[in-house]
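Structure file input35.csv with CSV, C-alpha atoms and all ligand atoms:
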```
chain,number,residue,atom,x,y,z
A,1,MET,CA,2.1,28.9,-25.8
A,2,LEU,CA,0.1,26.3,-23.9
A,3,LYS,CA,1.3,26.0,-20.3
A,4,PRO,CA,0.1,23.7,-17.6
A,5,ARG,CA,-0.7,25.1,-14.1
A,6,ALA,CA,2.5,26.3,-12.4
A,7,ILE,CA,2.1,23.5,-9.8
A,8,ILE,CA,2.1,20.8,-12.5
A,9,ALA,CA,5.1,22.4,-14.4
A,10,GLY,CA,7.0,22.3,-11.1
A,11,LEU,CA,6.5,18.6,-10.4
A,12,SER,CA,9.4,16.2,-10.8
A,13,PRO,CA,9.0,13.9,-13.8
A,14,TYR,CA,7.4,10.6,-12.9
A,15,HIS,CA,9.6,7.6,-13.1
A,16,SER,CA,7.9,4.3,-13.1
A,17,PRO,CA,9.2,2.0,-10.3
A,18,ILE,CA,9.2,-0.8,-12.9
A,19,VAL,CA,12.8,-1.2,-14.1
A,20,SER,CA,12.3,-4.5,-15.8
A,21,ARG,CA,10.0,-7.5,-15.6
A,22,ASP,CA,12.7,-10.0,-16.5
A,23,GLY,CA,13.3,-12.2,-13.5
A,24,ILE,CA,11.5,-12.9,-10.2
A,25,SER,CA,9.8,-9.6,-9.5
A,26,LEU,CA,10.3,-9.0,-5.8
A,27,ASP,CA,10.4,-5.2,-6.2
A,28,LEU,CA,6.7,-4.1,-6.1
A,29,ASN,CA,5.1,-6.1,-3.3
A,30,GLU,CA,2.9,-8.0,-5.8
A,31,SER,CA,1.7,-11.5,-5.2
A,32,MET,CA,3.9,-14.2,-6.7
A,33,ALA,CA,1.1,-16.7,-6.0
A,34,GLY,CA,-1.1,-15.2,-8.7
A,35,CYS,CA,-4.8,-15.0,-7.9
A,36,SER,CA,-7.6,-17.3,-6.9
A,37,PRO,CA,-8.5,-20.0,-9.5
A,38,ARG,CA,-12.1,-19.0,-8.9
A,39,VAL,CA,-11.3,-15.5,-10.1
A,40,LEU,CA,-9.5,-16.8,-13.2
A,41,LYS,CA,-12.5,-19.0,-14.0
A,42,ARG,CA,-14.8,-16.0,-13.7
A,43,LEU,CA,-12.5,-14.0,-16.0
A,44,GLN,CA,-12.6,-16.8,-18.6
A,45,SER,CA,-16.4,-16.7,-18.5
A,46,LEU,CA,-16.8,-13.0,-19.3
A,47,SER,CA,-19.4,-12.4,-22.0
A,48,ALA,CA,-19.5,-9.8,-24.7
A,49,ALA,CA,-22.2,-7.9,-22.7
A,50,ASP,CA,-19.9,-7.9,-19.7
A,51,VAL,CA,-17.3,-5.9,-21.6
A,52,ALA,CA,-19.7,-3.9,-23.9
A,53,LEU,CA,-21.7,-2.2,-21.1
A,54,TYR,CA,-20.5,0.4,-18.7
A,55,PRO,CA,-19.7,-1.0,-15.3
A,56,ARG,CA,-22.0,-0.8,-12.3
A,57,ARG,CA,-19.8,0.0,-9.3
A,58,GLU,CA,-22.6,0.1,-6.9
A,59,ALA,CA,-23.2,-3.7,-7.0
A,60,GLY,CA,-19.5,-4.2,-6.1
A,61,GLU,CA,-19.8,-1.7,-3.3
A,62,GLN,CA,-22.6,-3.6,-1.7
A,63,LEU,CA,-20.5,-6.8,-1.8
A,64,VAL,CA,-17.5,-5.1,-0.2
A,65,ALA,CA,-19.7,-3.4,2.4
A,66,ASP,CA,-21.2,-6.8,3.4
A,67,PHE,CA,-17.7,-8.3,3.6
A,68,LEU,CA,-16.3,-5.4,5.7
A,69,ARG,CA,-19.5,-5.0,7.8
A,70,VAL,CA,-20.1,-1.4,7.0
A,71,ALA,CA,-22.9,0.3,5.1
A,72,PRO,CA,-22.7,0.5,1.3
A,73,GLU,CA,-22.8,4.3,1.6
A,74,GLN,CA,-19.5,4.1,3.4
A,75,VAL,CA,-17.7,2.3,0.6
A,76,LEU,CA,-16.1,3.7,-2.6
A,77,LEU,CA,-14.5,1.3,-5.0
A,78,THR,CA,-11.6,2.8,-6.9
A,79,ASN,CA,-9.0,2.0,-9.6
A,80,GLY,CA,-6.5,0.6,-7.1
A,81,MET,CA,-5.9,2.3,-3.8
A,82,ASP,CA,-3.8,4.8,-5.6
A,83,GLU,CA,-7.0,6.3,-7.0
A,84,ALA,CA,-8.6,6.2,-3.6
A,85,LEU,CA,-5.8,8.3,-2.2
A,86,ALA,CA,-5.9,10.7,-5.2
A,87,VAL,CA,-9.7,11.3,-4.7
A,88,LEU,CA,-9.4,11.7,-0.9
A,89,PHE,CA,-6.5,14.1,-1.2
A,90,ALA,CA,-8.2,16.1,-3.9
A,91,ALA,CA,-11.3,16.4,-1.8
A,92,TYR,CA,-9.6,17.9,1.3
A,93,LEU,CA,-6.2,19.4,0.2
A,94,GLY,CA,-6.0,22.8,-1.6
A,95,GLU,CA,-3.1,25.0,-2.3
A,96,GLY,CA,-1.2,25.8,0.9
A,97,ASP,CA,-3.1,23.2,3.0
A,98,GLU,CA,-1.0,20.8,4.9
A,99,LEU,CA,-0.5,17.1,4.2
A,100,LEU,CA,1.1,15.4,7.2
A,101,PHE,CA,2.8,12.0,7.4
A,102,ALA,CA,5.8,10.3,8.9
A,103,ASP,CA,8.8,9.1,6.9
A,104,PRO,CA,9.6,6.6,5.7
A,105,THR,CA,6.3,5.7,4.1
A,106,PHE,CA,4.5,5.1,0.8
A,107,VAL,CA,6.0,7.4,-1.8
A,108,MET,CA,2.7,8.3,-3.4
A,109,TYR,CA,1.6,10.4,-0.5
A,110,PRO,CA,4.1,13.3,-1.2
A,111,MET,CA,3.6,12.9,-4.9
A,112,LEU,CA,-0.2,13.3,-4.7
A,113,GLY,CA,0.1,16.1,-2.1
A,114,ALA,CA,2.6,18.1,-4.2
A,115,ALA,CA,0.4,17.8,-7.3
A,116,LEU,CA,-2.4,19.6,-5.4
A,117,GLY,CA,-0.1,22.4,-4.3
A,118,ALA,CA,-0.4,21.3,-0.7
A,119,ARG,CA,2.4,21.9,1.8
A,120,VAL,CA,4.0,18.5,2.5
A,121,VAL,CA,4.8,18.2,6.2
A,122,ARG,CA,7.0,15.2,7.0
A,123,VAL,CA,8.2,14.0,10.3
A,124,GLN,CA,11.0,11.4,10.5
A,125,SER,CA,10.8,8.1,12.3
A,126,GLY,CA,13.8,7.1,14.5
A,127,GLU,CA,16.2,4.2,13.9
A,128,ASP,CA,13.5,1.7,15.1
A,129,MET,CA,11.3,3.1,12.2
A,130,ALA,CA,8.3,3.1,14.6
A,131,LEU,CA,5.5,5.6,13.9
A,132,PRO,CA,6.7,8.8,15.6
A,133,VAL,CA,3.3,9.5,17.3
A,134,ALA,CA,4.4,12.4,19.6
A,135,GLU,CA,6.1,14.2,16.7
A,136,LEU,CA,3.0,13.8,14.4
A,137,LEU,CA,0.7,15.1,17.2
A,138,ALA,CA,3.0,18.1,17.6
A,139,ARG,CA,2.9,19.0,13.9
A,140,ILE,CA,-0.9,19.1,13.6
A,141,THR,CA,-2.0,22.7,12.9
A,142,PRO,CA,-5.3,24.3,11.8
A,143,ARG,CA,-4.0,24.0,8.2
A,144,THR,CA,-3.6,20.2,8.5
A,145,ARG,CA,-6.2,18.8,6.2
A,146,VAL,CA,-5.0,15.3,5.5
A,147,ILE,CA,-2.9,12.9,7.6
A,148,ALA,CA,-1.8,9.7,5.8
A,149,ILE,CA,-0.6,6.6,7.7
A,150,ALA,CA,0.1,3.2,6.1
A,151,ASN,CA,-0.6,0.5,8.6
A,152,PRO,CA,1.3,-1.8,8.4
A,153,ASN,CA,3.7,0.6,6.8
A,154,ASN,CA,5.5,0.4,3.4
A,155,PRO,CA,8.6,0.2,3.2
A,156,THR,CA,9.2,-0.8,6.9
A,157,GLY,CA,6.6,-3.6,7.3
A,158,LEU,CA,5.9,-2.3,10.8
A,159,ALA,CA,2.5,-1.8,12.4
A,160,ALA,CA,1.4,0.9,14.8
A,161,SER,CA,-1.0,0.3,17.6
A,162,ARG,CA,-4.7,1.0,17.2
A,163,ALA,CA,-4.6,3.2,20.3
A,164,ASP,CA,-1.8,5.4,18.8
A,165,LEU,CA,-3.7,5.7,15.5
A,166,LEU,CA,-6.8,6.8,17.3
A,167,LYS,CA,-4.9,9.3,19.3
A,168,ILE,CA,-3.9,11.0,16.0
A,169,VAL,CA,-7.5,10.7,14.6
A,170,GLU,CA,-8.8,12.4,17.7
A,171,ALA,CA,-6.2,15.1,17.8
A,172,ALA,CA,-7.1,16.3,14.3
A,173,PRO,CA,-10.9,16.4,14.0
A,174,ASP,CA,-10.8,18.9,11.1
A,175,ALA,CA,-8.4,16.8,9.1
A,176,ALA,CA,-9.1,13.7,7.0
A,177,VAL,CA,-7.0,10.9,8.6
A,178,VAL,CA,-6.5,8.0,6.2
A,179,ILE,CA,-5.2,4.7,7.6
A,180,ASP,CA,-3.9,2.9,4.5
A,181,GLU,CA,-4.4,-0.8,5.3
A,182,ALA,CA,-3.0,-2.1,1.9
A,183,TYR,CA,-1.2,-4.9,3.7
A,184,PHE,CA,-3.7,-5.6,6.4
A,185,GLU,CA,-4.4,-9.2,5.4
A,186,PHE,CA,-0.8,-10.2,6.1
A,187,CYS,CA,-1.0,-9.0,9.7
A,188,ALA,CA,-4.7,-9.8,10.5
A,189,ALA,CA,-3.8,-12.6,12.9
A,190,SER,CA,-1.3,-10.5,14.8
A,191,LEU,CA,-2.0,-9.2,18.2
A,192,THR,CA,0.0,-6.0,17.5
A,193,CYS,CA,-1.7,-5.0,14.3
A,194,LYS,CA,-5.4,-4.2,14.4
A,195,THR,CA,-7.7,-2.7,11.8
A,196,VAL,CA,-9.4,0.6,12.6
A,197,LEU,CA,-12.4,-0.3,10.4
A,198,GLY,CA,-14.5,-0.8,13.5
A,199,ASP,CA,-13.7,2.7,14.7
A,200,LEU,CA,-15.3,4.5,11.7
A,201,GLY,CA,-18.6,5.0,13.5
A,202,GLU,CA,-17.0,6.9,16.3
A,203,HIS,CA,-14.7,9.1,14.1
A,204,PRO,CA,-16.3,11.1,11.3
A,205,ASN,CA,-12.8,12.2,10.1
A,206,LEU,CA,-11.4,8.7,9.8
A,207,PHE,CA,-10.9,6.8,6.5
A,208,VAL,CA,-9.6,3.3,5.9
A,209,GLY,CA,-8.2,2.1,2.6
A,210,ARG,CA,-7.8,-1.5,1.4
A,211,THR,CA,-6.7,-3.1,-1.9
A,212,PHE,CA,-7.0,-6.3,-3.9
A,213,SER,CA,-3.5,-5.8,-5.2
A,214,LYS,CA,-1.6,-7.6,-2.5
A,215,ALA,CA,-3.1,-10.6,-0.6
A,216,TYR,CA,-5.7,-11.2,-3.3
A,217,GLY,CA,-3.1,-11.1,-6.1
A,218,LEU,CA,-5.1,-8.8,-8.3
A,219,ALA,CA,-2.8,-5.8,-8.8
A,220,GLY,CA,-3.3,-6.0,-12.6
A,221,ILE,CA,-7.0,-5.4,-12.5
A,222,ARG,CA,-6.7,-2.3,-10.2
A,223,LEU,CA,-9.2,-2.6,-7.5
A,224,GLY,CA,-9.1,-0.5,-4.3
A,225,VAL,CA,-11.5,0.3,-1.5
A,226,LEU,CA,-12.0,3.5,0.5
A,227,THR,CA,-14.3,3.5,3.5
A,228,GLY,CA,-15.3,6.4,5.8
A,229,ALA,CA,-18.2,8.2,7.3
A,230,ALA,CA,-21.2,8.1,4.9
A,231,LYS,CA,-21.4,11.9,4.8
A,232,GLN,CA,-17.8,12.3,3.7
A,233,MET,CA,-18.0,9.5,1.3
A,234,GLU,CA,-20.9,11.3,-0.4
A,235,TYR,CA,-18.5,14.2,-1.1
A,236,LEU,CA,-15.9,11.9,-2.5
A,237,ARG,CA,-18.4,10.2,-4.8
A,238,ARG,CA,-19.1,13.6,-6.3
A,239,LEU,CA,-15.5,13.9,-7.3
A,240,CYS,CA,-14.8,10.4,-8.4
A,241,LEU,CA,-15.3,9.5,-12.1
A,242,PRO,CA,-18.5,7.5,-12.5
A,243,PHE,CA,-16.9,4.5,-14.4
A,244,ASN,CA,-13.5,4.5,-12.6
A,245,VAL,CA,-13.6,0.7,-11.8
A,246,ASN,CA,-13.9,-1.4,-14.9
A,247,SER,CA,-16.3,-4.3,-15.5
A,248,VAL,CA,-13.6,-6.9,-15.5
A,249,ALA,CA,-12.5,-5.9,-12.0
A,250,LEU,CA,-16.1,-5.8,-10.8
A,251,ALA,CA,-16.8,-9.2,-12.3
A,252,CYS,CA,-13.9,-10.7,-10.2
A,253,LEU,CA,-14.9,-9.2,-6.9
A,254,LYS,CA,-17.5,-11.8,-5.7
A,255,GLU,CA,-15.2,-14.8,-6.3
A,256,ALA,CA,-12.1,-12.9,-4.9
A,257,LEU,CA,-14.0,-12.2,-1.7
A,258,ALA,CA,-15.5,-15.7,-1.5
A,259,ASP,CA,-12.3,-17.6,-1.8
A,260,ARG,CA,-11.1,-17.2,1.8
A,261,ALA,CA,-9.0,-20.4,1.5
A,262,PHE,CA,-6.9,-18.9,-1.2
A,263,VAL,CA,-6.2,-15.7,0.8
A,264,SER,CA,-5.4,-17.5,4.0
A,265,GLU,CA,-3.1,-20.1,2.3
A,266,HIS,CA,-1.3,-17.2,0.5
A,267,VAL,CA,-0.9,-15.3,3.8
A,268,ALA,CA,0.5,-18.4,5.5
A,269,GLN,CA,2.9,-19.0,2.7
A,270,VAL,CA,4.1,-15.4,2.8
A,271,LYS,CA,4.7,-15.7,6.6
A,272,ARG,CA,6.8,-18.8,6.0
A,273,GLY,CA,8.8,-17.0,3.3
A,274,ARG,CA,9.2,-13.9,5.4
A,275,GLU,CA,10.6,-15.9,8.3
A,276,ARG,CA,13.1,-17.6,6.0
A,277,LEU,CA,14.3,-14.2,4.8
A,278,GLU,CA,14.5,-12.9,8.3
A,279,ARG,CA,16.5,-15.9,9.5
A,280,LEU,CA,18.9,-15.4,6.6
A,281,PHE,CA,19.4,-11.7,7.4
A,282,ASP,CA,20.0,-12.7,11.1
A,283,GLU,CA,22.6,-15.2,9.9
A,284,LEU,CA,24.3,-12.7,7.6
A,285,GLY,CA,24.3,-10.1,10.4
A,286,LEU,CA,22.1,-7.7,8.3
A,287,ARG,CA,19.8,-5.3,10.1
A,288,TYR,CA,16.1,-5.7,9.1
A,289,TRP,CA,12.8,-4.6,10.5
A,290,PRO,CA,10.4,-7.4,11.6
A,291,SER,CA,7.7,-7.3,9.0
A,292,GLN,CA,4.0,-7.8,9.2
A,293,THR,CA,3.6,-7.6,5.4
A,294,ASN,CA,4.6,-9.4,2.3
A,295,PHE,CA,8.1,-7.8,2.2
A,296,VAL,CA,11.1,-7.2,4.4
A,297,LEU,CA,13.2,-4.0,4.6
A,298,VAL,CA,16.9,-4.8,5.1
A,299,ARG,CA,19.9,-2.5,5.5
A,300,ILE,CA,22.8,-3.4,3.2
A,301,GLU,CA,24.5,-0.1,4.0
A,302,GLU,CA,26.6,1.8,1.5
A,303,ASN,CA,26.5,-1.1,-1.0
A,304,SER,CA,22.7,-1.2,-1.5
A,305,LYS,CA,22.8,-0.2,-5.2
A,306,ALA,CA,25.5,-2.8,-5.9
A,307,PHE,CA,23.4,-5.4,-4.0
A,308,VAL,CA,20.3,-4.6,-6.2
A,309,GLY,CA,22.5,-5.0,-9.3
A,310,ALA,CA,24.0,-8.3,-8.1
A,311,MET,CA,20.6,-9.6,-7.4
A,312,ARG,CA,19.3,-8.5,-10.9
A,313,ARG,CA,22.2,-10.4,-12.5
A,314,ARG,CA,20.9,-13.5,-10.7
A,315,GLY,CA,17.4,-13.0,-12.0
A,316,VAL,CA,15.9,-11.4,-8.9
A,317,LEU,CA,14.5,-7.9,-8.9
A,318,VAL,CA,14.4,-6.2,-5.5
A,319,ARG,CA,13.7,-2.5,-4.6
A,320,ASP,CA,16.4,-0.1,-3.7
A,321,SER,CA,14.7,2.0,-0.9
A,322,SER,CA,17.7,4.1,-0.1
A,323,SER,CA,16.1,7.3,-1.4
A,324,ASN,CA,13.2,7.0,1.1
A,325,PRO,CA,14.1,9.3,4.0
A,326,GLY,CA,15.7,7.3,6.9
A,327,CYS,CA,16.3,4.3,4.6
A,328,GLY,CA,19.8,5.0,3.5
A,329,GLY,CA,21.4,1.8,2.3
A,330,CYS,CA,18.1,-0.2,2.6
A,331,VAL,CA,16.6,-2.6,0.1
A,332,ARG,CA,13.0,-3.9,0.2
A,333,VAL,CA,12.5,-7.6,-0.7
A,334,THR,CA,9.0,-8.9,-1.5
A,335,VAL,CA,8.3,-12.5,-0.4
A,336,GLY,CA,8.0,-14.9,-3.3
A,337,THR,CA,6.6,-18.5,-3.5
A,338,ALA,CA,8.3,-21.3,-1.6
A,339,LYS,CA,10.1,-22.4,-4.7
A,340,GLN,CA,11.2,-18.9,-5.7
A,341,MET,CA,12.5,-18.4,-2.1
A,342,ASP,CA,14.9,-21.3,-2.5
A,343,GLU,CA,16.5,-19.3,-5.4
A,344,VAL,CA,16.1,-15.9,-3.8
A,345,LEU,CA,17.9,-17.0,-0.6
A,346,ALA,CA,20.8,-18.5,-2.5
A,347,ALA,CA,21.0,-15.3,-4.7
A,348,ILE,CA,21.1,-13.1,-1.5
A,349,ARG,CA,24.0,-15.2,-0.1
A,350,GLU,CA,25.9,-14.9,-3.3
A,351,ALA,CA,25.1,-11.2,-3.8
A,352,VAL,CA,26.2,-10.3,-0.3
A,353,THR,CA,29.5,-12.2,-0.8
A,354,GLU,CA,30.0,-10.5,-4.2
A,355,ILE,CA,29.6,-7.0,-2.9
A,356,GLY,CA,31.9,-7.8,0.0
A,357,ARG,CA,29.4,-7.0,2.7
B,401,LIG,N1,-0.8,1.9,-0.2
B,401,LIG,C1,0.4,1.3,0.1
B,401,LIG,C2,1.0,1.4,1.4
B,401,LIG,C3,1.0,0.6,-1.0
B,401,LIG,O1,2.2,0.0,-0.7
B,401,LIG,C4,0.4,0.5,-2.2
B,401,LIG,C5,1.0,-0.3,-3.4
B,401,LIG,N2,2.3,-0.5,-3.4
B,401,LIG,C6,-0.8,1.2,-2.4
B,401,LIG,C7,-1.4,1.9,-1.4
B,401,LIG,C8,-1.5,1.2,-3.8
B,401,LIG,O2,-2.0,0.0,-4.1
B,401,LIG,P1,-2.9,-0.2,-5.4
B,401,LIG,O3,-3.1,1.1,-6.1
B,401,LIG,O4,-2.3,-1.3,-6.2
B,401,LIG,O5,-4.2,-0.7,-4.8
```
Go through the file and emit its structure as structure tokens.
Amino acid sequence: MLKPRAIIAGLSPYHSPIVSRDGISLDLNESMAGCSPRVLKRLQSLSAADVALYPRREAGEQLVADFLRVAPEQVLLTNGMDEALAVLFAAYLGEGDELLFADPTFVMYPMLGAALGARVVRVQSGEDMALPVAELLARITPRTRVIAIANPNNPTGLAASRADLLKIVEAAPDAAVVIDEAYFEFCAASLTCKTVLGDLGEHPNLFVGRTFSKAYGLAGIRLGVLTGAAKQMEYLRRLCLPFNVNSVALACLKEALADRAFVSEHVAQVKRGRERLERLFDELGLRYWPSQTNFVLVRIEENSKAFVGAMRRRGVLVRDSSSNPGCGGCVRVTVGTAKQMDEVLAAIREAVTEIGR
């Protein structure tokens, strides 16, 4: 009988995080503002040849390299950042190698590590949810091959300092350290959240990931970016499928990068919405973590599932994060548009009253 590899047979079944799309979808950290009108216009102008021919990723890599001020050899475009992580993990993690990260964080890290047969080594953040730098440093071993850190982090919204991140990069020269900057645009103006993109030159084991799924509002077209030392990126390119990024995504790239006004207006709107959410949580006496992203993690305590249900009945989908280690009783709420937030804040007030919190 046909059998998959033992590692694959032993994986837990995959459950899509999408429960439903009916309602205001504040459960997946997508952009509720849509995408730039310039991108939409480009999509509408696609020709038959644009879709009939295989895509040329290299042209897009040049555009992103210019934007990020790195060499094109340092850039790999991927089918969302999920694929960037999959390629990176597959390049460095074999059976029995160690993948190290701090909980709570992005749930794909352990999933991808487990699929490769890696030993998943997790350290737990404290109640402040700050990156546990000393604990991470203490768990680096000669078998540590990948260290993954989302900065700012999902689901906490918190950012670690550049100095702390570089300490980890320097302590593990034989491990690939990936700083996942999926939400970077939302914290770019903050003094406490700095990109490590400028540090790539000094650190040949450092990788930085970005995505067009969040601030650019392009989650549906799947476009991610991985950058690192040119020598390492050359290995990753050998592993990556040649036509992983489709022509539609590549066609959008130039306009998406050019429309800075769209991104900055969206980021400003998200900040206003985030502040409104945080003020409401203060008023309701709910614990939350001050976010530098497009979502806020709030602790509802033992009633988090009832809260998610009460919100769904009011047409607002939010994410129950209580299974993420350290997040017992927590719910993650993505920031919507200003108009949606009027409804969302009212729904939160009602749901909190309904569950008797
Ligand atoms: N990293 C983090 C921290 C994320 O939260 C996400 C999406 N939720 C991703 C990577 C993947 O993003 P995408 O594949 O849409 O680019």
Please identify the residues whose atoms come within 10 Å of ligand LIG 401 (chain B), using only C-alpha atoms and all ligand atoms, and report them as a ChimeraX atom specification. /A:27-30,78-85,105-109,148-155,157,179-184,209-214,217-225,293
At a cut-off of 10 Å, using only C-alpha atoms, what residues contact Glu58 (chain A)? Leave out same-chain residues fewer than 6 positions from it and give the result as a count of residues only. 7
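Of the listed residues A:Gly113, A:Gly336, A:Gly228, A:Pro242, the one whose atoms come nearest to Ala176 (chain A) is A:Gly228, with distances taken using all atoms listed in the file.
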Compile the contact shell of Val123 (chain A) as a PyMOL selection string: residues with an atom at most 8 Å away, counting all atoms listed in the file, same-chain residues fewer than 2 positions apart removed. chain A and resi 100-103+121+125+132+135-136
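The space between CA of Asp50 (chain A) and CA of Leu226 (chain A) spans 24.5 Å.
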Near Ala6 (chain A), within 12 Å and counting only C-alpha atoms, which residues show up once chain neighbours fewer than 5 positions away are dropped, as a ChimeraX atom specification? /A:11,95,114-117
If you keep C-alpha atoms, can you produce a file of those selected residues as a compact mmCIF listing (two decimals), in the coordinates of the input?
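Contents of part.txt, freshly written:
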```txt
# COMPACT_ATOMS: atom_id res chain seq x y z
CA LEU A 11 6.50 18.60 -10.40
CA GLU A 95 -3.10 25.00 -2.30
CA ALA A 114 2.60 18.10 -4.20
CA ALA A 115 0.40 17.80 -7.30
CA LEU A 116 -2.40 19.60 -5.40
CA GLY A 117 -0.10 22.40 -4.30
```
Taking into account only C-alpha atoms, which residue in the set A:Val263, A:Leu158, A:Val296, A:Val169 is nearest to Arg279 (chain A)? A:Val296
Residue with smallest distance to Gln62 (chain A) - pool A:Ala160, A:Arg145, A:Cys187, A:Leu253, counting all atoms listed in the file: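 Among the listed residues, A:Leu253 lies closest to Gln62 (chain A).
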Looking at A:Trp289, A:Arg260, A:Arg274, A:Ala249, which one is nearest to Val51 (chain A), with distances taken over all atoms listed in the file?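 The shortest atom-to-atom distance to Val51 (chain A) comes from A:Ala249.
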From A:Ile24, A:Met129, A:Val146, A:Ala134, residue lying nearest Leu93 (chain A) [only C-alpha atoms]: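 Nearest candidate to Leu93 (chain A) out of A:Ile24, A:Met129, A:Val146, A:Ala134: A:Val146.
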Residues within 6 Å of Thr227 (chain A), please, as a ChimeraX atom specification. Count only C-alpha atoms; anything in the same chain fewer than 6 positions from it doesn't count. /A:74-75,207-208
Neighbour residues at most 9 Å from (-1.1, 12.2, 17.9) (only C-alpha atoms) as a list in words: Pro132, Val133, Ala134, Glu135, Leu136, Leu137, Ala138, Arg139, Ile140, Asp164, Leu165, Leu166, Lys167, Ile168, Val169, Glu170, Ala171 and Ala172 of chain A
Go ahead and compute the interatomic distance for CA of Leu112 (chain A) and CA of Ala71 (chain A), in Å to one decimal. 27.9 Å
If you count only C-alpha atoms, the residue of A:Val298, A:Ala256, A:Leu239, A:Met32 closest to Leu277 (chain A) turns out to be A:Val298
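Separating CA of Pro55 (chain A) from CA of Gly34 (chain A) is a distance of 24.3 Å.
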Just give me the residues with any atom within 12 Å of (21.0, -16.8, 5.7), file coordinates, counting all atoms listed in the file, written as a ChimeraX atom specification. /A:275-286,341-342,344-353
Writing N, CA and C atoms and nothing else, produce region 275-286 of chain A as a PDB file, in the first residue's frame.
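Final output, saved to part23.pdb:
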```
ATOM      1  N   GLU A 275      -5.642  52.549  17.964  1.00  0.00           N
ATOM      2  CA  GLU A 275      -5.770  53.363  19.185  1.00  0.00           C
ATOM      3  C   GLU A 275      -7.198  53.318  19.723  1.00  0.00           C
ATOM      4  N   ARG A 276      -8.147  53.307  18.798  1.00  0.00           N
ATOM      5  CA  ARG A 276      -9.553  53.230  19.252  1.00  0.00           C
ATOM      6  C   ARG A 276      -9.805  51.904  19.965  1.00  0.00           C
ATOM      7  N   LEU A 277      -9.291  50.824  19.390  1.00  0.00           N
ATOM      8  CA  LEU A 277      -9.459  49.507  20.029  1.00  0.00           C
ATOM      9  C   LEU A 277      -8.815  49.508  21.409  1.00  0.00           C
ATOM     10  N   GLU A 278      -7.597  50.040  21.489  1.00  0.00           N
ATOM     11  CA  GLU A 278      -6.857  50.003  22.751  1.00  0.00           C
ATOM     12  C   GLU A 278      -7.556  50.855  23.817  1.00  0.00           C
ATOM     13  N   ARG A 279      -8.103  51.988  23.394  1.00  0.00           N
ATOM     14  CA  ARG A 279      -8.846  52.834  24.352  1.00  0.00           C
ATOM     15  C   ARG A 279     -10.064  52.095  24.887  1.00  0.00           C
ATOM     16  N   LEU A 280     -10.749  51.381  23.982  1.00  0.00           N
ATOM     17  CA  LEU A 280     -11.932  50.636  24.426  1.00  0.00           C
ATOM     18  C   LEU A 280     -11.527  49.529  25.407  1.00  0.00           C
ATOM     19  N   PHE A 281     -10.454  48.819  25.110  1.00  0.00           N
ATOM     20  CA  PHE A 281     -10.013  47.742  26.014  1.00  0.00           C
ATOM     21  C   PHE A 281      -9.629  48.326  27.383  1.00  0.00           C
ATOM     22  N   ASP A 282      -8.999  49.514  27.377  1.00  0.00           N
ATOM     23  CA  ASP A 282      -8.677  50.194  28.648  1.00  0.00           C
ATOM     24  C   ASP A 282      -9.961  50.450  29.428  1.00  0.00           C
ATOM     25  N   GLU A 283     -10.934  51.009  28.702  1.00  0.00           N
ATOM     26  CA  GLU A 283     -12.208  51.368  29.343  1.00  0.00           C
ATOM     27  C   GLU A 283     -12.911  50.130  29.929  1.00  0.00           C
ATOM     28  N   LEU A 284     -12.812  49.009  29.177  1.00  0.00           N
ATOM     29  CA  LEU A 284     -13.498  47.784  29.626  1.00  0.00           C
ATOM     30  C   LEU A 284     -12.667  46.987  30.637  1.00  0.00           C
ATOM     31  N   GLY A 285     -11.470  47.484  30.917  1.00  0.00           N
ATOM     32  CA  GLY A 285     -10.604  46.809  31.898  1.00  0.00           C
ATOM     33  C   GLY A 285     -10.063  45.485  31.385  1.00  0.00           C
ATOM     34  N   LEU A 286      -9.867  45.402  30.051  1.00  0.00           N
ATOM     35  CA  LEU A 286      -9.317  44.171  29.473  1.00  0.00           C
ATOM     36  C   LEU A 286      -7.822  44.342  29.233  1.00  0.00           C
TER      37      LEU A 286
END
```
